[in-house]
Each structure stands twice: as structure tokens, then as C-alpha cells.
Amino acid sequence: MTTQAKEIFEAQSKSLRELLSDNGLGLYLPPYQRPYGWGKDKVEKLLDDTLHGLKNLGESPDSFTFLGTVITIHDINHVTVNPIVKPEVPAKVLTVIDGQQRLSSLILLAVSLHNIIRQQSWKVFKGKSPETNETGRAALYSETVQILQMLGTAFYERHNYGSTPIYPRLIRAFDDQWARDEKNKQYQSPIANLIYNYAVIAADEQPSQKPTDFRPQARVGVGEGEADLIRRFNEIRNALSKLSQCKQIEELEDLPPLSTLANRIESQRALFNHELDPDLCLWLEKAEEGPSAILMRLVMFAAYVLNRIALTVVQGKDEDYAFTIFESLNTTGEPLTAFETFMPRVVMAEKIKEYQGSYAHEHMKTVQAYLDRFGVGEKLQNATRELLVSFALAETGKKLSKRLPDQRVYMKETFDRQKDSEVDRIAYLRHLRDTATFMGSTWEATNDGSWGLANLPAHAMTDTVKLCLSFLNALNHTVAIAPLVRFYSEAVNAEEGPERDVKIAEFETAIKAITAFTVLWRATRRGTGNIDSQYRSVMAGDSLTGMGPLARQWADSTREEPSPMVNAEALRSELAARLSSTETKYGGIPNLASFIAAASSLPLYSISKPLTRFLLLAAYHDTVEDPQNPGLIVKGKAGVAPCFTSDGWSNQTHLTIEHIAPQQATVGWDVGFYAEKDTVHKLGNLVLAPGAANSSLSSRPWNEKKVLYAALGASSADDAKAILVESHLEFAQPTEDLARMSHYLPHLRSLGQRSEEWGTEFMDQRGEALLRLAYAQLKSWLNLEWSESREAEVVHVGNDAEDVASEDPYEPEDEQTA
């Protein structure tokens, strides 16, 4: 039979009294709900909205203050209630999915009103009923007693038996437990503790006693939220006291005059559901001062709070439906993240009493600490989405969407696979911890700009690892996080000593392979070339080389094969095969000629500046001027001109991407550079030069620009100054300033040695030379040997492939200049 919408959820608009005073009702906050966090401004707005509605009631008896939607689960079977004394749970439990901050604040308002009305009632009546002939006074007493009774039932319910018969209307999972016996009842959460303590005081007092003024204090060692809760309670109390005495509060409207209420029968009915006693109305027309007037204002305000504040209460069939409804209805509130809704599943799997001292708790604390950096709001939502997207790819090779419902379902379903085995649960949560730790301490630099591999020795963060991380992060290549996490996690969880050292070396091999693959793939495409799908296929096990999935688990939980292996050599071979394969969905770069042809034709500068910078650094590393081809460079001895380093990457002072032929057409430059808009952005027309010299380089003609290149790449400031003086040219900056910018950079010196004009033909020649140098620098990272010829069909991939290419002419011999 087809399911009807009403079977999934129902929605009703209710006054606060109709919602909270329902017999047998218990409101339950699941453990993933955030601590109480309303600020003073939100409480003031709640009071001001209420006062505004009360004022409008004098003009329109239909006036309500609508406070939005509360989304709940009608937990018939009490599956969300934990801990629990099953026979003693309230008859109707509503688990609050959204609206707990509003409900908590409204209950604070009800408790505050109850407390202050009790105090004021004593001042007026001293605990004694008025004489029958005092009709107006007796009517005020009757209204006061009724409003106190209705306020009380809004925040607690009293049962007929048991040593602790008082039940707070609102309690929180794990911290609280409804029970009628002292040994079982537990009200430790800030809201339940406040409600219970006050309700006990108010319920046990005799009318003849002077009432105890309730002044709650924050307890020592209680978790988040209590201090804010008590501050808001005291602010509400102070505001009510001033309002009832007709003292103005700048942020709030005033209470309407009592005479307004006396003269409007419809307003009386709207507030009290009945007409007020005529004698009381006569008294109200002139009673604006004294204790009785203060009490009546409080009663009037309380009646509006109970009967004219309205909420729409949505009851969902179960948690999944409730969250779906929440996503569609929520426009102003802050939805719970998928991690926050996942947390109670972990707690329940570990058992509440054992959770605090468990490994699970430690792992979850680490994840929470990472997410706490982002506060609340959209930053937290985005950080959680990104974390779970990377985790899902690393855990099961799943391409997880960023939609909250999808992420909640994924965490639920994948964790449920592990929950019956402590070993499996801890492995799952440890992997989530490692993903958060890697993203928080390695993928993202710390506040001081440093990088680290948390929980690994300092030597694990080699200069090459740091360089690769800096590049991948600048490229925003977040899909690389998942494969990197797999190797990082293996290293972190390995035994200290030789085993860990092997895993650390594996991590470096893996990040180098990932970086080289990304650079060579992206350099041959105008866009990303769907590179993300390549990594996802590797994680899921769609392999060209038979390496199996890199994810921690098979996506299909029914597979009985051994868990996937983490092997850097296998990854290197797999990525090389994907890059070199000529099948349509792969790299299509079977040889060096194909790579150079594709990359040299692209405007790499406009495609990706981080990619361009990385290629240039790789090409420039330890090179010298080519004596046979002025303007070009060749490989030199190791250490002659190091720049393919983390310092080289971060050295934006001397290594900023500049255009040789200017981006805009100008006098003195080959018109061929501007026949097509992309030509000037090709690699051959780009150079890394001091950014501070840009104003002097600017749009100068080539014969002047090359002088400046020679000076900026000189071995010393004196040499640079001599070059500038001998040129007899004038630059935008003083000669001394330009000379101080000089830094031994062979790639700049070589440009200064070119006597011929700078044309598109030489630009293409230079671009090819740079790409060959970059390839020579990166090829070992993928264990890759491409043949020189386009016609060669056999590709050397890995140590076992057939070597069909001739000796690489770009590999230096004995570290001598090529």
C-alpha cells in the first residue's frame, strides 16, 4: 500500500501552553544537539517580539507572536532515549531535531515568570486568600494562581507517586534520565538541572511560606552551555522586573497600560480564554502603580507568553525523515552537521558508561578539536562537508556528495557495518581521526605558516614532501587528500622503528607520484581533464595494473577478499599507466613527444598559475646557461642553482611569474604574439623574476628587457650594477634598488645573453626545452620513461617494463653540464 505524506510527518501550529503542557509530554534533546548558546541579543529579540505582539493585541485580538518551526520525532518506541528506565518514561516523547535553542529559552522565560510572579504575589497577598467582599483583589488572586499553575505545567510535570515525582519537560540524552526514584533519576544537563531544582523548590513550598527566590549558580566542571543558560535566565529576570515596574529598557518596547486590557473584552479572551471579572477591570482602569499593578502586568505578560506565542510543531516518522524535513524547512537556523548527528551512534555503540575512557572517545575528540576551529555557521558546515568527502573516498572509495542527508546516511551505514566488532569500530574511527588530523595539520598550514606531519617524527616532513604539499594545496587539489591519508594513516599507526621508517618513505614516494601525475596530466589539458575521476577509480579499485582499491575497505561490504593493501610502488605504476594509456578516458600521453606537443601549445598561465610555477621551478632546478643556444638553459651540476624546493616555492620575492612579451600588444614586439589571445600565456613566454622589478620590466622592448634580465640574474649586486650602468638605459627604479634585487638565477642570465629578437618561433623552442627539463626532473617520481618518438607504441612504466627508448639525452652525465 502506498505510503501517505501524513504517515511520514504531521505539522500543527500550537501555542506554547498547548505544546508544553500536554499531559505525559517529555521533550528530549539527542546527544548531538549543541550546548545552549543563545546570546543576550537573541533573548532581547524574543522579549521584544513578545512585547510587540502584546501591544498589537490591544488593536487586534488575532495578534500572535510566531517563533517558527520545531522539528521532532515522535519516539513511540523510545529508540532515541538513552539512558532509560523504560517503565517510567513519559507517555509521549518528542525528540527535538531542530528548535532546542528556542524551546530552552522559552522554558527559561516560563521559569523566570513563575519565579518572579511567586515573589510578587507574596508581596501582594502574603500567602492568604483575599476576603470574598474584596472582589477585584480576589479576582487578581485567582488569575495569579491560575497563571502560576499553567506556567508550572509548561516546564515540569508532577506524577502521583515516587520519591522523585517531578519530571522536567526538557532533558538531554546521556546527561539526564527520567525516573520516579532518587537512585535512578538524573538531571545533570544545564537545562534539566535548572528546571528540576526550581520545580522542587516551587512545588514543595506551602502557601503560608515566604517563597524562596531562585538564584541559580553555574556548577563547577559542567560542560558547555550552563554559564550562558544562567546568564540568559538572569537577564530575563532583570528585564521582567523592570518592565513590570514600568521602567524603560532601551532595547525593548514597554508593556501596554493596564487600562488598555480593562477596556478590551476581546483582548481579555485572547489572553486568558475568558473575560476578566468586572470589578477587576474597574480597578485596572486606574491601577498603574503599586505591588498589585506590578503583579497584574506580570500576569498579563505571562498569559500572552503561554497563549499567544505560537510554533509550528512538525512530528516526523523517524530520524531520517525528520532531518529531510529539516533541510527543506530550515532557512534561518543552523543545521547540525553530519558529524554531530553521527556522534551519538558512536556513543551508543561503545555503551554510555564505557565511552568516556574508550579509544573511540579519544578519536572522536580529535576530530571534534579539528572542527572546533571553524566555530559555527557556514565555515563549520563547509569544513565538515570537506572532511567527510575526503574520508568517504579514503574509507570506501565512495564519491560522497556534500548534501547533508547523503553524508548522514553514509556515516550511518558504513559505521553500522563495524558496530558489532570493537576492533572494526576502532579502526573505522581511527581512520576518521587520521583524515581530520591530516587535513588540520598537514594539508592546511598552521597559523604561523608551518607544515607538519602530526604524530610522525620531524624528519618525515622532508623538503620534497613540503614542496609537494604546498603545490597540491595551492592547486586546491583536494581529491589528493584521500590517497595521501591512506599512506599517512599507515605511517602513523605503524610500530616505531624500522616499520614506521618504511611507511614514512612510502608516504614520500606516494606524494611524489601523486604530484608528478597531477602536473603531467594537468599540463596537457585546458581544464582539469576529469583528473578527479582518475583518483576516485584508483581509490575504488578500478585498476589498469591490478593493484586493487587504495581505499581502506571494499565499497561492497559483502566481498570476502582481504582488505586492500597500501603500496606506493603499486600506486606509482597505476598512475603511470593511466597517464600513458591511449584509451579515451585516460591520459593519452604515450611518449615524450606527445607530452611536449600538448603542453607547449597550451596557455598554461591562464589555465593554472600554481601549475605553471611548479613546472618552471622543476625546469630551472640546477640548470646553467646553454652556451650553444643563448636564451636557453641546460641541466648543470647538483646544487649549482637549486630552486625546486619548498623555499623556492615560497620565494615569491625573486620567483614571480612574469610575461616576457607583454600581455598587451605594444611597440617593439613581434605581432605574432598577439595574433591569438592565448599565445603570450604559453610556457615559453613565461619566466620567474623578482616581482618588485615589474614596474621596470613592464612593457619595455626586448632589447631593453633582456638587459634587466641579465642584471636580475647576476651573481652579485656589483655585477648587476655594472650591467645596468653599461647599458646606459633608464628604468623606473633606481639602479641601486634593481641591483639589490639580483639573485643568481641562470634562467634570467640566459635570457640576457640572447642577442636576437624575441619571436614566437624561439618562444616555442624555449617552451619545449623547459618542458623537457621539467619532465627530466619529475619522471623518476612516477618511475616513468617515455620514448622520444611519437611512433613508439611500447611505454616504459615501472621497473619491469621493456626499455624501448634510447638513452635519455636530457639526463646529465656525471652531473656535468649537458
# chains A, B, ... in the order shown; residues from 1 in each chain; ligands from 1
call {"tool": "residues_around", "arguments": {"residues": "Glu625 in chain A", "least_positions_apart": "2", "cutoff": "9 Å", "atoms": "only C-alpha atoms", "output": "list in words"}}
result
Thr623, Pro627, Gln628, Asn629, Pro630, Gly631, Leu632, Ile633, Val634, Lys635, Gly636, Pro746, His747, Leu748, Arg749, Ser750, Leu751 and Gln753 of chain A
call {"tool": "residues_around", "arguments": {"residues": "range 35-46 of chain A", "least_positions_apart": "5", "cutoff": "8 Å", "atoms": "only C-alpha atoms", "output": "PDB file with all heavy atoms, in the first residue's frame"}}
result
ATOM      1  N   GLN A 101      17.167  25.441  20.892  1.00  0.00           N
ATOM      2  CA  GLN A 101      17.586  26.714  21.482  1.00  0.00           C
ATOM      3  C   GLN A 101      16.363  27.571  21.816  1.00  0.00           C
ATOM      4  O   GLN A 101      16.299  28.180  22.894  1.00  0.00           O
ATOM      5  CB  GLN A 101      18.498  27.465  20.495  1.00  0.00           C
ATOM      6  CG  GLN A 101      19.758  26.718  20.091  1.00  0.00           C
ATOM      7  CD  GLN A 101      20.834  26.744  21.158  1.00  0.00           C
ATOM      8  OE1 GLN A 101      20.738  27.466  22.150  1.00  0.00           O
ATOM      9  NE2 GLN A 101      21.879  25.950  20.977  1.00  0.00           N
ATOM     10  N   SER A 104      14.447  25.857  24.774  1.00  0.00           N
ATOM     11  CA  SER A 104      15.161  26.076  26.037  1.00  0.00           C
ATOM     12  C   SER A 104      14.948  27.501  26.532  1.00  0.00           C
ATOM     13  O   SER A 104      14.720  27.729  27.728  1.00  0.00           O
ATOM     14  CB  SER A 104      16.658  25.798  25.858  1.00  0.00           C
ATOM     15  OG  SER A 104      16.895  24.451  25.499  1.00  0.00           O
ATOM     16  N   SER A 105      15.005  28.466  25.617  1.00  0.00           N
ATOM     17  CA  SER A 105      14.837  29.867  26.005  1.00  0.00           C
ATOM     18  C   SER A 105      13.409  30.156  26.452  1.00  0.00           C
ATOM     19  O   SER A 105      13.191  30.925  27.400  1.00  0.00           O
ATOM     20  CB  SER A 105      15.216  30.780  24.833  1.00  0.00           C
ATOM     21  OG  SER A 105      16.563  30.583  24.465  1.00  0.00           O
ATOM     22  N   GLU A 224      29.843  22.666  28.427  1.00  0.00           N
ATOM     23  CA  GLU A 224      29.465  23.934  27.803  1.00  0.00           C
ATOM     24  C   GLU A 224      27.980  24.229  27.981  1.00  0.00           C
ATOM     25  O   GLU A 224      27.170  23.339  28.104  1.00  0.00           O
ATOM     26  CB  GLU A 224      29.760  23.877  26.309  1.00  0.00           C
ATOM     27  CG  GLU A 224      31.228  23.775  25.953  1.00  0.00           C
ATOM     28  CD  GLU A 224      31.400  23.720  24.451  1.00  0.00           C
ATOM     29  OE1 GLU A 224      31.316  24.772  23.815  1.00  0.00           O
ATOM     30  OE2 GLU A 224      31.577  22.613  23.924  1.00  0.00           O
ATOM     31  N   GLY A 225      27.655  25.498  27.991  1.00  0.00           N
ATOM     32  CA  GLY A 225      26.261  25.910  27.918  1.00  0.00           C
ATOM     33  C   GLY A 225      25.663  26.399  29.213  1.00  0.00           C
ATOM     34  O   GLY A 225      24.759  27.231  29.189  1.00  0.00           O
ATOM     35  N   GLU A 226      26.133  25.897  30.361  1.00  0.00           N
ATOM     36  CA  GLU A 226      25.459  26.261  31.611  1.00  0.00           C
ATOM     37  C   GLU A 226      25.652  27.730  31.953  1.00  0.00           C
ATOM     38  O   GLU A 226      24.707  28.402  32.381  1.00  0.00           O
ATOM     39  CB  GLU A 226      25.953  25.387  32.774  1.00  0.00           C
ATOM     40  CG  GLU A 226      25.265  25.741  34.086  1.00  0.00           C
ATOM     41  CD  GLU A 226      25.231  24.594  35.068  1.00  0.00           C
ATOM     42  OE1 GLU A 226      26.220  24.424  35.791  1.00  0.00           O
ATOM     43  OE2 GLU A 226      24.229  23.864  35.100  1.00  0.00           O
ATOM     44  N   ASP A 228      26.117  30.248  29.966  1.00  0.00           N
ATOM     45  CA  ASP A 228      25.248  31.043  29.083  1.00  0.00           C
ATOM     46  C   ASP A 228      23.792  30.916  29.491  1.00  0.00           C
ATOM     47  O   ASP A 228      23.044  31.901  29.489  1.00  0.00           O
ATOM     48  CB  ASP A 228      25.409  30.577  27.626  1.00  0.00           C
ATOM     49  CG  ASP A 228      26.679  31.108  26.990  1.00  0.00           C
ATOM     50  OD1 ASP A 228      27.157  32.169  27.433  1.00  0.00           O
ATOM     51  OD2 ASP A 228      27.188  30.465  26.065  1.00  0.00           O
ATOM     52  N   LEU A 229      23.379  29.704  29.827  1.00  0.00           N
ATOM     53  CA  LEU A 229      21.996  29.461  30.225  1.00  0.00           C
ATOM     54  C   LEU A 229      21.634  30.310  31.438  1.00  0.00           C
ATOM     55  O   LEU A 229      20.574  30.956  31.483  1.00  0.00           O
ATOM     56  CB  LEU A 229      21.800  27.982  30.528  1.00  0.00           C
ATOM     57  CG  LEU A 229      20.357  27.515  30.710  1.00  0.00           C
ATOM     58  CD1 LEU A 229      19.712  27.226  29.365  1.00  0.00           C
ATOM     59  CD2 LEU A 229      20.305  26.255  31.575  1.00  0.00           C
ATOM     60  N   ARG A 232      21.451  34.063  30.654  1.00  0.00           N
ATOM     61  CA  ARG A 232      20.198  34.424  29.976  1.00  0.00           C
ATOM     62  C   ARG A 232      19.030  34.424  30.965  1.00  0.00           C
ATOM     63  O   ARG A 232      18.143  35.272  30.892  1.00  0.00           O
ATOM     64  CB  ARG A 232      19.917  33.452  28.823  1.00  0.00           C
ATOM     65  CG  ARG A 232      20.977  33.358  27.746  1.00  0.00           C
ATOM     66  CD  ARG A 232      21.191  34.652  26.983  1.00  0.00           C
ATOM     67  NE  ARG A 232      22.138  35.561  27.601  1.00  0.00           N
ATOM     68  CZ  ARG A 232      23.473  35.463  27.494  1.00  0.00           C
ATOM     69  NH1 ARG A 232      24.011  34.484  26.800  1.00  0.00           N
ATOM     70  NH2 ARG A 232      24.258  36.356  28.071  1.00  0.00           N
ATOM     71  N   GLU A 235      19.210  37.595  32.901  1.00  0.00           N
ATOM     72  CA  GLU A 235      18.847  38.740  32.063  1.00  0.00           C
ATOM     73  C   GLU A 235      17.343  38.813  31.857  1.00  0.00           C
ATOM     74  O   GLU A 235      16.756  39.916  31.868  1.00  0.00           O
ATOM     75  CB  GLU A 235      19.572  38.630  30.714  1.00  0.00           C
ATOM     76  CG  GLU A 235      21.067  38.935  30.811  1.00  0.00           C
ATOM     77  CD  GLU A 235      21.872  38.395  29.635  1.00  0.00           C
ATOM     78  OE1 GLU A 235      21.258  37.864  28.681  1.00  0.00           O
ATOM     79  OE2 GLU A 235      23.115  38.495  29.671  1.00  0.00           O
ATOM     80  N   ILE A 236      16.703  37.662  31.674  1.00  0.00           N
ATOM     81  CA  ILE A 236      15.241  37.637  31.544  1.00  0.00           C
ATOM     82  C   ILE A 236      14.599  38.128  32.834  1.00  0.00           C
ATOM     83  O   ILE A 236      13.664  38.951  32.815  1.00  0.00           O
ATOM     84  CB  ILE A 236      14.753  36.221  31.203  1.00  0.00           C
ATOM     85  CG1 ILE A 236      15.189  35.829  29.777  1.00  0.00           C
ATOM     86  CG2 ILE A 236      13.232  36.121  31.329  1.00  0.00           C
ATOM     87  CD1 ILE A 236      14.943  34.372  29.449  1.00  0.00           C
ATOM     88  N   GLU A 251      16.385  48.639  24.615  1.00  0.00           N
ATOM     89  CA  GLU A 251      16.270  47.681  23.509  1.00  0.00           C
ATOM     90  C   GLU A 251      14.861  47.121  23.349  1.00  0.00           C
ATOM     91  O   GLU A 251      14.576  46.432  22.356  1.00  0.00           O
ATOM     92  CB  GLU A 251      17.244  46.511  23.719  1.00  0.00           C
ATOM     93  CG  GLU A 251      18.715  46.899  23.778  1.00  0.00           C
ATOM     94  CD  GLU A 251      19.129  47.399  25.166  1.00  0.00           C
ATOM     95  OE1 GLU A 251      18.269  47.353  26.084  1.00  0.00           O
ATOM     96  OE2 GLU A 251      20.272  47.845  25.324  1.00  0.00           O
ATOM     97  N   LEU A 252      13.953  47.369  24.330  1.00  0.00           N
ATOM     98  CA  LEU A 252      12.659  46.698  24.335  1.00  0.00           C
ATOM     99  C   LEU A 252      11.500  47.695  24.329  1.00  0.00           C
ATOM    100  O   LEU A 252      11.623  48.825  24.813  1.00  0.00           O
ATOM    101  CB  LEU A 252      12.531  45.812  25.587  1.00  0.00           C
ATOM    102  CG  LEU A 252      13.619  44.758  25.817  1.00  0.00           C
ATOM    103  CD1 LEU A 252      13.335  43.997  27.107  1.00  0.00           C
ATOM    104  CD2 LEU A 252      13.711  43.802  24.638  1.00  0.00           C
TER     105      LEU A 252
END
call {"tool": "residues_around", "arguments": {"residues": "Cys468 in chain A", "least_positions_apart": "2", "cutoff": "10 Å", "atoms": "only C-alpha atoms", "output": "list in words"}}
result
Thr462, Asp463, Thr464, Val465, Lys466, Ser470, Phe471, Leu472, Asn473, Ala474, Glu508, Ile511, Lys512, Ala513, Ile514, Thr515, Ala516, Phe614, Thr645, Ser646 and Trp649 of chain A
call {"tool": "residues_around", "arguments": {"residues": "Pro168 in chain A", "least_positions_apart": "3", "cutoff": "6 Å", "atoms": "only C-alpha atoms", "output": "ChimeraX atom specification"}}
result
/A:156,195-196
call {"tool": "residues_around", "arguments": {"residues": "Leu456 in chain A", "least_positions_apart": "6", "cutoff": "9 Å", "atoms": "only C-alpha atoms", "output": "PDB file with all heavy atoms, in the first residue's frame"}}
result
ATOM      1  N   ALA A 491      51.534   5.125   8.191  1.00  0.00           N
ATOM      2  CA  ALA A 491      52.747   5.534   8.889  1.00  0.00           C
ATOM      3  C   ALA A 491      52.477   5.855  10.358  1.00  0.00           C
ATOM      4  O   ALA A 491      53.220   5.448  11.253  1.00  0.00           O
ATOM      5  CB  ALA A 491      53.366   6.743   8.187  1.00  0.00           C
ATOM      6  N   VAL A 492      51.396   6.588  10.612  1.00  0.00           N
ATOM      7  CA  VAL A 492      51.062   6.992  11.983  1.00  0.00           C
ATOM      8  C   VAL A 492      50.804   5.774  12.867  1.00  0.00           C
ATOM      9  O   VAL A 492      51.201   5.741  14.040  1.00  0.00           O
ATOM     10  CB  VAL A 492      49.835   7.929  11.982  1.00  0.00           C
ATOM     11  CG1 VAL A 492      49.250   8.071  13.379  1.00  0.00           C
ATOM     12  CG2 VAL A 492      50.213   9.286  11.428  1.00  0.00           C
ATOM     13  N   ARG A 500      58.012   1.852  10.938  1.00  0.00           N
ATOM     14  CA  ARG A 500      57.496   3.195  10.707  1.00  0.00           C
ATOM     15  C   ARG A 500      58.336   3.927   9.664  1.00  0.00           C
ATOM     16  O   ARG A 500      57.804   4.664   8.826  1.00  0.00           O
ATOM     17  CB  ARG A 500      57.450   3.983  12.008  1.00  0.00           C
ATOM     18  CG  ARG A 500      57.023   5.428  11.815  1.00  0.00           C
ATOM     19  CD  ARG A 500      56.709   6.128  13.109  1.00  0.00           C
ATOM     20  NE  ARG A 500      55.403   5.728  13.622  1.00  0.00           N
ATOM     21  CZ  ARG A 500      54.857   6.236  14.721  1.00  0.00           C
ATOM     22  NH1 ARG A 500      55.517   7.145  15.423  1.00  0.00           N
ATOM     23  NH2 ARG A 500      53.681   5.838  15.136  1.00  0.00           N
ATOM     24  N   ILE A 504      56.979   5.760   6.366  1.00  0.00           N
ATOM     25  CA  ILE A 504      57.230   7.178   6.095  1.00  0.00           C
ATOM     26  C   ILE A 504      57.806   7.348   4.687  1.00  0.00           C
ATOM     27  O   ILE A 504      57.420   8.259   3.937  1.00  0.00           O
ATOM     28  CB  ILE A 504      58.177   7.768   7.160  1.00  0.00           C
ATOM     29  CG1 ILE A 504      57.428   7.905   8.503  1.00  0.00           C
ATOM     30  CG2 ILE A 504      58.728   9.121   6.721  1.00  0.00           C
ATOM     31  CD1 ILE A 504      58.317   8.286   9.660  1.00  0.00           C
TER      32      ILE A 504
END
call {"tool": "atom_distance", "arguments": {"atom1": "CA of Gly397 in chain A", "atom2": "CA of Ala551 in chain A"}}
result
5.3 Å
call {"tool": "residues_around", "arguments": {"residues": "Tyr141 in chain A", "least_positions_apart": "6", "cutoff": "12 Å", "atoms": "only C-alpha atoms", "output": "list in words"}}
result
Ile117, Arg118, Gln120, Ser121, Trp122, Lys123, Val124, Phe125, Lys126, Gly127, Lys128, Ser129, Pro130, Glu131, Thr132, Glu134, Thr135, Ile147, Leu148, Asp277, Leu280, Ser292, Leu295, Met296 and Val299 of chain A
call {"tool": "residues_around", "arguments": {"residues": "Leu276 in chain A", "least_positions_apart": "5", "cutoff": "8 Å", "atoms": "only C-alpha atoms", "output": "list in words"}}
result
Ala139, Ile265, Gln268 and Cys281 of chain A
call {"tool": "write_last_selection", "arguments": {"atoms": "C-alpha atoms", "output": "JSON list (two decimals), in the first residue's frame"}}
result
[["chain", "number", "residue", "atom", "x", "y", "z"],
["A", 139, "ALA", "CA", -10.12, 38.12, 41.02],
["A", 265, "ILE", "CA", -13.03, 42.31, 26.18],
["A", 268, "GLN", "CA", -9.04, 39.55, 27.63],
["A", 281, "CYS", "CA", -11.50, 45.67, 35.19]]
call {"tool": "atom_distance", "arguments": {"atom1": "CA of Gln765 in chain A", "atom2": "CA of Ser699 in chain A"}}
result
22.4 Å
call {"tool": "atom_distance", "arguments": {"atom1": "CA of Ala202 in chain A", "atom2": "CA of Leu106 in chain A"}}
result
18.3 Å
call {"tool": "closest_atom_pairs", "arguments": {"of": "range 557-676 of chain A", "to": "range 534-541 of chain A", "cutoff": "8 Å", "atoms": "only C-alpha atoms", "output": "JSON lines"}}
result
{"residue": "A:Glu574", "atom": "CA", "partner": "A:Val538", "partner_atom": "CA", "distance": 7.9}
{"residue": "A:Arg578", "atom": "CA", "partner": "A:Gln534", "partner_atom": "CA", "distance": 7.8}
{"residue": "A:Tyr586", "atom": "CA", "partner": "A:Gln534", "partner_atom": "CA", "distance": 7.9}
call {"tool": "select_by_dssp", "arguments": {"residues": "range 301-431 of chain A", "states": "helix (DSSP H, G or I)", "output": "number ranges by chain"}}
result
A: 301-308, 319-329, 338-350, 352-355, 359-372, 378-396, 404-418, 422-431
call {"tool": "select_by_dssp", "arguments": {"residues": "range 295-441 of chain A", "states": "strand (DSSP E or B)", "output": "PyMOL selection string"}}
result
chain A and resi 309-316
call {"tool": "write_last_selection", "arguments": {"atoms": "N, CA, C and O atoms", "output": "compact mmCIF listing (two decimals), in the first residue's frame"}}
result
# COMPACT_ATOMS: atom_id res chain seq x y z
N ILE A 309 2.13 33.06 22.09
CA ILE A 309 3.35 32.66 21.39
C ILE A 309 3.06 31.33 20.72
O ILE A 309 2.62 30.39 21.38
N ALA A 310 3.31 31.26 19.41
CA ALA A 310 2.94 30.06 18.66
C ALA A 310 4.14 29.50 17.92
O ALA A 310 5.05 30.23 17.50
N LEU A 311 4.15 28.19 17.79
CA LEU A 311 5.15 27.48 17.00
C LEU A 311 4.45 26.44 16.14
O LEU A 311 3.39 25.93 16.52
N THR A 312 5.06 26.14 15.00
CA THR A 312 4.59 25.01 14.21
C THR A 312 5.42 23.79 14.61
O THR A 312 6.65 23.81 14.50
N VAL A 313 4.74 22.77 15.10
CA VAL A 313 5.44 21.56 15.56
C VAL A 313 5.29 20.48 14.49
O VAL A 313 4.18 20.05 14.17
N VAL A 314 6.43 20.08 13.93
CA VAL A 314 6.44 19.03 12.93
C VAL A 314 6.91 17.74 13.60
O VAL A 314 7.97 17.72 14.23
N GLN A 315 6.10 16.69 13.47
CA GLN A 315 6.48 15.39 14.02
C GLN A 315 6.80 14.45 12.86
O GLN A 315 5.94 14.15 12.03
N GLY A 316 8.06 14.02 12.79
CA GLY A 316 8.49 13.11 11.73
C GLY A 316 8.37 11.66 12.17
O GLY A 316 8.34 11.34 13.36
call {"tool": "closest_residue", "arguments": {"among": "A:Ala227, A:Ile171, A:Ile166, A:Leu261", "to": "Glu59 in chain A", "atoms": "only C-alpha atoms"}}
result
A:Leu261
call {"tool": "closest_residue", "arguments": {"among": "A:Arg308, A:Trp669, A:Trp554, A:Glu10", "to": "His52 in chain A", "atoms": "only C-alpha atoms"}}
result
A:Arg308
